[in-house]
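Heads up: the structure comes next, in structure tokens.
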Amino acid sequence: MLRFIIVATFVVLFLIFSIPIMLVEWIIGKFNPDLKGRSSLAIVQWAFRVIIVLSGTKVNVIGRENIPDDRAVLYVGNHRSYFDIVIGYTLIKGQCGFVAKKEMEKIPLLSIYMKYLHCLFLDRENIKEGLKTILVGIDKIKNGISVWVFPEGTRNKAEQETDLLDFKEGSMKIASKTGCPIIPIAITNSAQIWEAHLPYIRPAHVIVEYGAPIYPKELSKEDQKFLGSYAQHKIQEMLDQHKQED
């Protein structure tokens, strides 16, 4: 319970004491939006690294070299924990916005940083609004900002880590419409940090593996039509490998 209290206290204090920083970032954004995005990312990455340390989490990263350095990508990963986002943000290359549920937009202070970091808020109950979110994601990619999406649509609470929910094909349109590379990401053991034994935070060893880039236009017509299933298969292979090596 002590770890949870320490992490929660750090998060609250960080958000409160960074209010003046948010104001400065807002002013910077009026004159240099790119600088605002990069500086906000650096601040949040620092905070997330502290959270990882405080939680006692060890992260083993595989294949980060598979992320292109010169262009925006669509990160596609499985999702079992809020810590997927915390860990993911410390490992991205360049600026990146995560696709989050609409409800996150109502969280005081945190939602401000999320907007500074180009996060997209998805209304899962409104198809029309969902399509608008996809269009925003397409625009982000075209402007050199990567997007990270969890195509399962929600946190997967299946008992077996390798049991994935069906990937939603709509989220793949960001890649199919822009031609950007898809980076499949397999995250193993992140739920063991917190969700597996709420409210306790316990030390865990998390594996994050970045698969080879998927270039939609290089796939067969059938695979292009079902990009979600194709990416899910690649992530499934990595998760199965993690389990065998455990």
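In the structure tokens, the first chain shown is A, the next is B, and so on; residue numbers restart at 1 for each chain, and ligands run from 1 in the order shown.
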Tell me which protein, DNA and RNA residues are within 9 Å of Met238 of chain A, counting only C-alpha atoms, leaving out same-chain ones fewer than 4 positions away, and put them as a PyMOL selection string.
-> chain A and resi 185-187+209-211+233-234+242-243
As a ChimeraX atom specification, please: all residues of segment 8-225 of chain A that backbone DSSP puts in alpha helix (DSSP H).
-> /A:8-17,19-31,33-54,83-91,110-116,127-142,173-178,221-225
Could the residues in this selection be saved with C-alpha atoms as a short mmCIF file (atom, residue, chain, number, x, y, z; two decimals), in the first residue's frame?
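Done, and the output landed in selection_18.cif:
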data_model
loop_
_atom_site.label_atom_id
_atom_site.label_comp_id
_atom_site.auth_asym_id
_atom_site.auth_seq_id
_atom_site.Cartn_x
_atom_site.Cartn_y
_atom_site.Cartn_z
CA ALA A 8 -0.38 8.83 -5.95
CA THR A 9 1.19 11.61 -3.86
CA PHE A 10 3.83 12.24 -6.52
CA VAL A 11 1.21 12.44 -9.29
CA VAL A 12 -0.95 14.91 -7.34
CA LEU A 13 2.00 17.10 -6.35
CA PHE A 14 3.40 17.03 -9.87
CA LEU A 15 0.11 18.21 -11.35
CA ILE A 16 -0.35 20.93 -8.73
CA PHE A 17 3.20 22.30 -8.84
CA ILE A 19 0.35 24.61 -12.99
CA PRO A 20 2.75 27.55 -13.58
CA ILE A 21 4.60 25.38 -16.13
CA MET A 22 1.34 24.71 -17.95
CA LEU A 23 0.81 28.45 -18.19
CA VAL A 24 4.31 28.95 -19.57
CA GLU A 25 3.75 26.14 -22.06
CA TRP A 26 0.49 27.75 -23.16
CA ILE A 27 2.31 31.03 -23.83
CA ILE A 28 5.08 29.21 -25.72
CA GLY A 29 2.44 27.52 -27.84
CA LYS A 30 1.15 30.88 -29.01
CA PHE A 31 4.49 31.59 -30.67
CA PRO A 33 3.66 25.19 -31.14
CA ASP A 34 6.42 22.71 -32.01
CA LEU A 35 8.59 23.87 -29.10
CA LYS A 36 5.57 23.61 -26.81
CA GLY A 37 4.96 20.02 -27.90
CA ARG A 38 8.59 19.00 -27.42
CA SER A 39 9.03 20.71 -24.06
CA SER A 40 5.73 19.37 -22.70
CA LEU A 41 6.77 15.88 -23.78
CA ALA A 42 10.11 16.20 -22.00
CA ILE A 43 8.38 17.26 -18.77
CA VAL A 44 5.86 14.41 -18.88
CA GLN A 45 8.51 11.84 -19.80
CA TRP A 46 10.51 12.89 -16.73
CA ALA A 47 7.44 12.51 -14.50
CA PHE A 48 6.58 9.11 -15.97
CA ARG A 49 10.15 7.85 -15.46
CA VAL A 50 9.88 8.87 -11.81
CA ILE A 51 6.57 6.98 -11.52
CA ILE A 52 8.18 3.87 -13.03
CA VAL A 53 11.02 4.05 -10.50
CA LEU A 54 8.68 4.69 -7.56
CA PHE A 83 0.93 1.79 -16.94
CA ASP A 84 1.03 0.90 -20.65
CA ILE A 85 0.71 4.62 -21.30
CA VAL A 86 3.19 5.61 -18.61
CA ILE A 87 5.81 3.22 -19.97
CA GLY A 88 4.94 3.86 -23.61
CA TYR A 89 5.47 7.60 -23.36
CA THR A 90 9.02 7.11 -22.08
CA LEU A 91 9.92 4.98 -25.13
CA LEU A 110 -4.10 15.94 -16.42
CA SER A 111 -6.29 16.64 -19.46
CA ILE A 112 -4.34 19.86 -20.08
CA TYR A 113 -1.08 17.97 -20.42
CA MET A 114 -2.83 15.39 -22.59
CA LYS A 115 -3.92 18.11 -24.99
CA TYR A 116 -0.41 19.59 -24.99
CA ILE A 127 -19.69 6.59 -34.28
CA LYS A 128 -19.78 10.04 -35.90
CA GLU A 129 -17.48 11.52 -33.26
CA GLY A 130 -15.24 8.46 -33.57
CA LEU A 131 -14.80 9.16 -37.27
CA LYS A 132 -13.84 12.74 -36.45
CA THR A 133 -11.17 11.44 -34.08
CA ILE A 134 -9.75 9.27 -36.86
CA LEU A 135 -9.59 12.32 -39.15
CA VAL A 136 -7.72 14.22 -36.45
CA GLY A 137 -5.31 11.30 -36.14
CA ILE A 138 -4.74 11.34 -39.90
CA ASP A 139 -3.97 15.06 -39.69
CA LYS A 140 -1.51 14.46 -36.85
CA ILE A 141 0.40 11.87 -38.88
CA LYS A 142 0.55 14.20 -41.89
CA LYS A 173 -7.60 3.83 -41.02
CA ILE A 174 -5.06 6.31 -39.66
CA ALA A 175 -2.38 4.15 -41.30
CA SER A 176 -4.30 3.03 -44.39
CA LYS A 177 -5.22 6.62 -45.30
CA THR A 178 -1.72 8.05 -44.73
CA LYS A 221 -5.19 -6.63 -50.81
CA GLU A 222 -6.73 -8.96 -48.23
CA ASP A 223 -4.32 -7.94 -45.47
CA GLN A 224 -4.81 -4.27 -46.34
CA LYS A 225 -8.54 -4.78 -45.91
#
Taking the chain letters and numbering used in this document, name the residues of segment 76-243 of chain A that DSSP puts in strand (DSSP E), as a PyMOL selection string.
-> chain A and resi 76-77+96-101+120-122+146-149+182-188+205-210
Could you pull the residues within 8 Å of Arg80 of chain A, counting only C-alpha atoms, minus those fewer than 3 positions along the same chain, as a PyMOL selection string?
-> chain A and resi 84+155-157+190-191
Got time to write the residues from that selection, all heavy atoms, as a short mmCIF file (atom, residue, chain, number, x, y, z; two decimals), in the first residue's frame?
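The result, stored in part.cif:
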data_model
loop_
_atom_site.label_atom_id
_atom_site.label_comp_id
_atom_site.auth_asym_id
_atom_site.auth_seq_id
_atom_site.Cartn_x
_atom_site.Cartn_y
_atom_site.Cartn_z
N ASP A 84 0.63 1.01 -19.25
CA ASP A 84 1.03 0.90 -20.65
C ASP A 84 1.33 2.28 -21.22
O ASP A 84 2.26 2.45 -22.01
CB ASP A 84 -0.09 0.24 -21.48
CG ASP A 84 -0.36 -1.20 -21.07
OD1 ASP A 84 0.55 -1.85 -20.53
OD2 ASP A 84 -1.51 -1.65 -21.28
N ARG A 155 -9.23 -1.63 -21.81
CA ARG A 155 -8.25 -2.49 -21.14
C ARG A 155 -8.75 -3.93 -21.12
O ARG A 155 -9.88 -4.21 -20.72
CB ARG A 155 -7.98 -2.00 -19.72
CG ARG A 155 -7.06 -0.79 -19.64
CD ARG A 155 -6.71 -0.43 -18.22
NE ARG A 155 -7.89 -0.05 -17.46
CZ ARG A 155 -8.35 -0.72 -16.41
NH1 ARG A 155 -7.74 -1.81 -15.99
NH2 ARG A 155 -9.43 -0.30 -15.78
N ASN A 156 -7.89 -4.82 -21.54
CA ASN A 156 -8.22 -6.24 -21.60
C ASN A 156 -8.03 -6.85 -20.20
O ASN A 156 -6.95 -6.79 -19.64
CB ASN A 156 -7.30 -6.93 -22.61
CG ASN A 156 -7.67 -8.38 -22.85
OD1 ASN A 156 -8.39 -8.98 -22.07
ND2 ASN A 156 -7.17 -8.93 -23.93
N LYS A 157 -9.10 -7.44 -19.68
CA LYS A 157 -9.04 -8.01 -18.32
C LYS A 157 -9.06 -9.54 -18.34
O LYS A 157 -9.33 -10.18 -17.33
CB LYS A 157 -10.22 -7.48 -17.50
CG LYS A 157 -10.21 -5.96 -17.37
CD LYS A 157 -11.43 -5.44 -16.62
CE LYS A 157 -11.45 -3.92 -16.57
NZ LYS A 157 -12.67 -3.39 -15.87
N SER A 190 2.32 -5.83 -17.63
CA SER A 190 2.07 -4.49 -17.09
C SER A 190 0.95 -4.48 -16.05
O SER A 190 0.96 -3.67 -15.12
CB SER A 190 1.75 -3.51 -18.22
OG SER A 190 0.61 -3.94 -18.96
N ALA A 191 -0.03 -5.38 -16.18
CA ALA A 191 -1.13 -5.43 -15.20
C ALA A 191 -0.65 -5.85 -13.82
O ALA A 191 -1.32 -5.59 -12.82
CB ALA A 191 -2.22 -6.37 -15.69
#
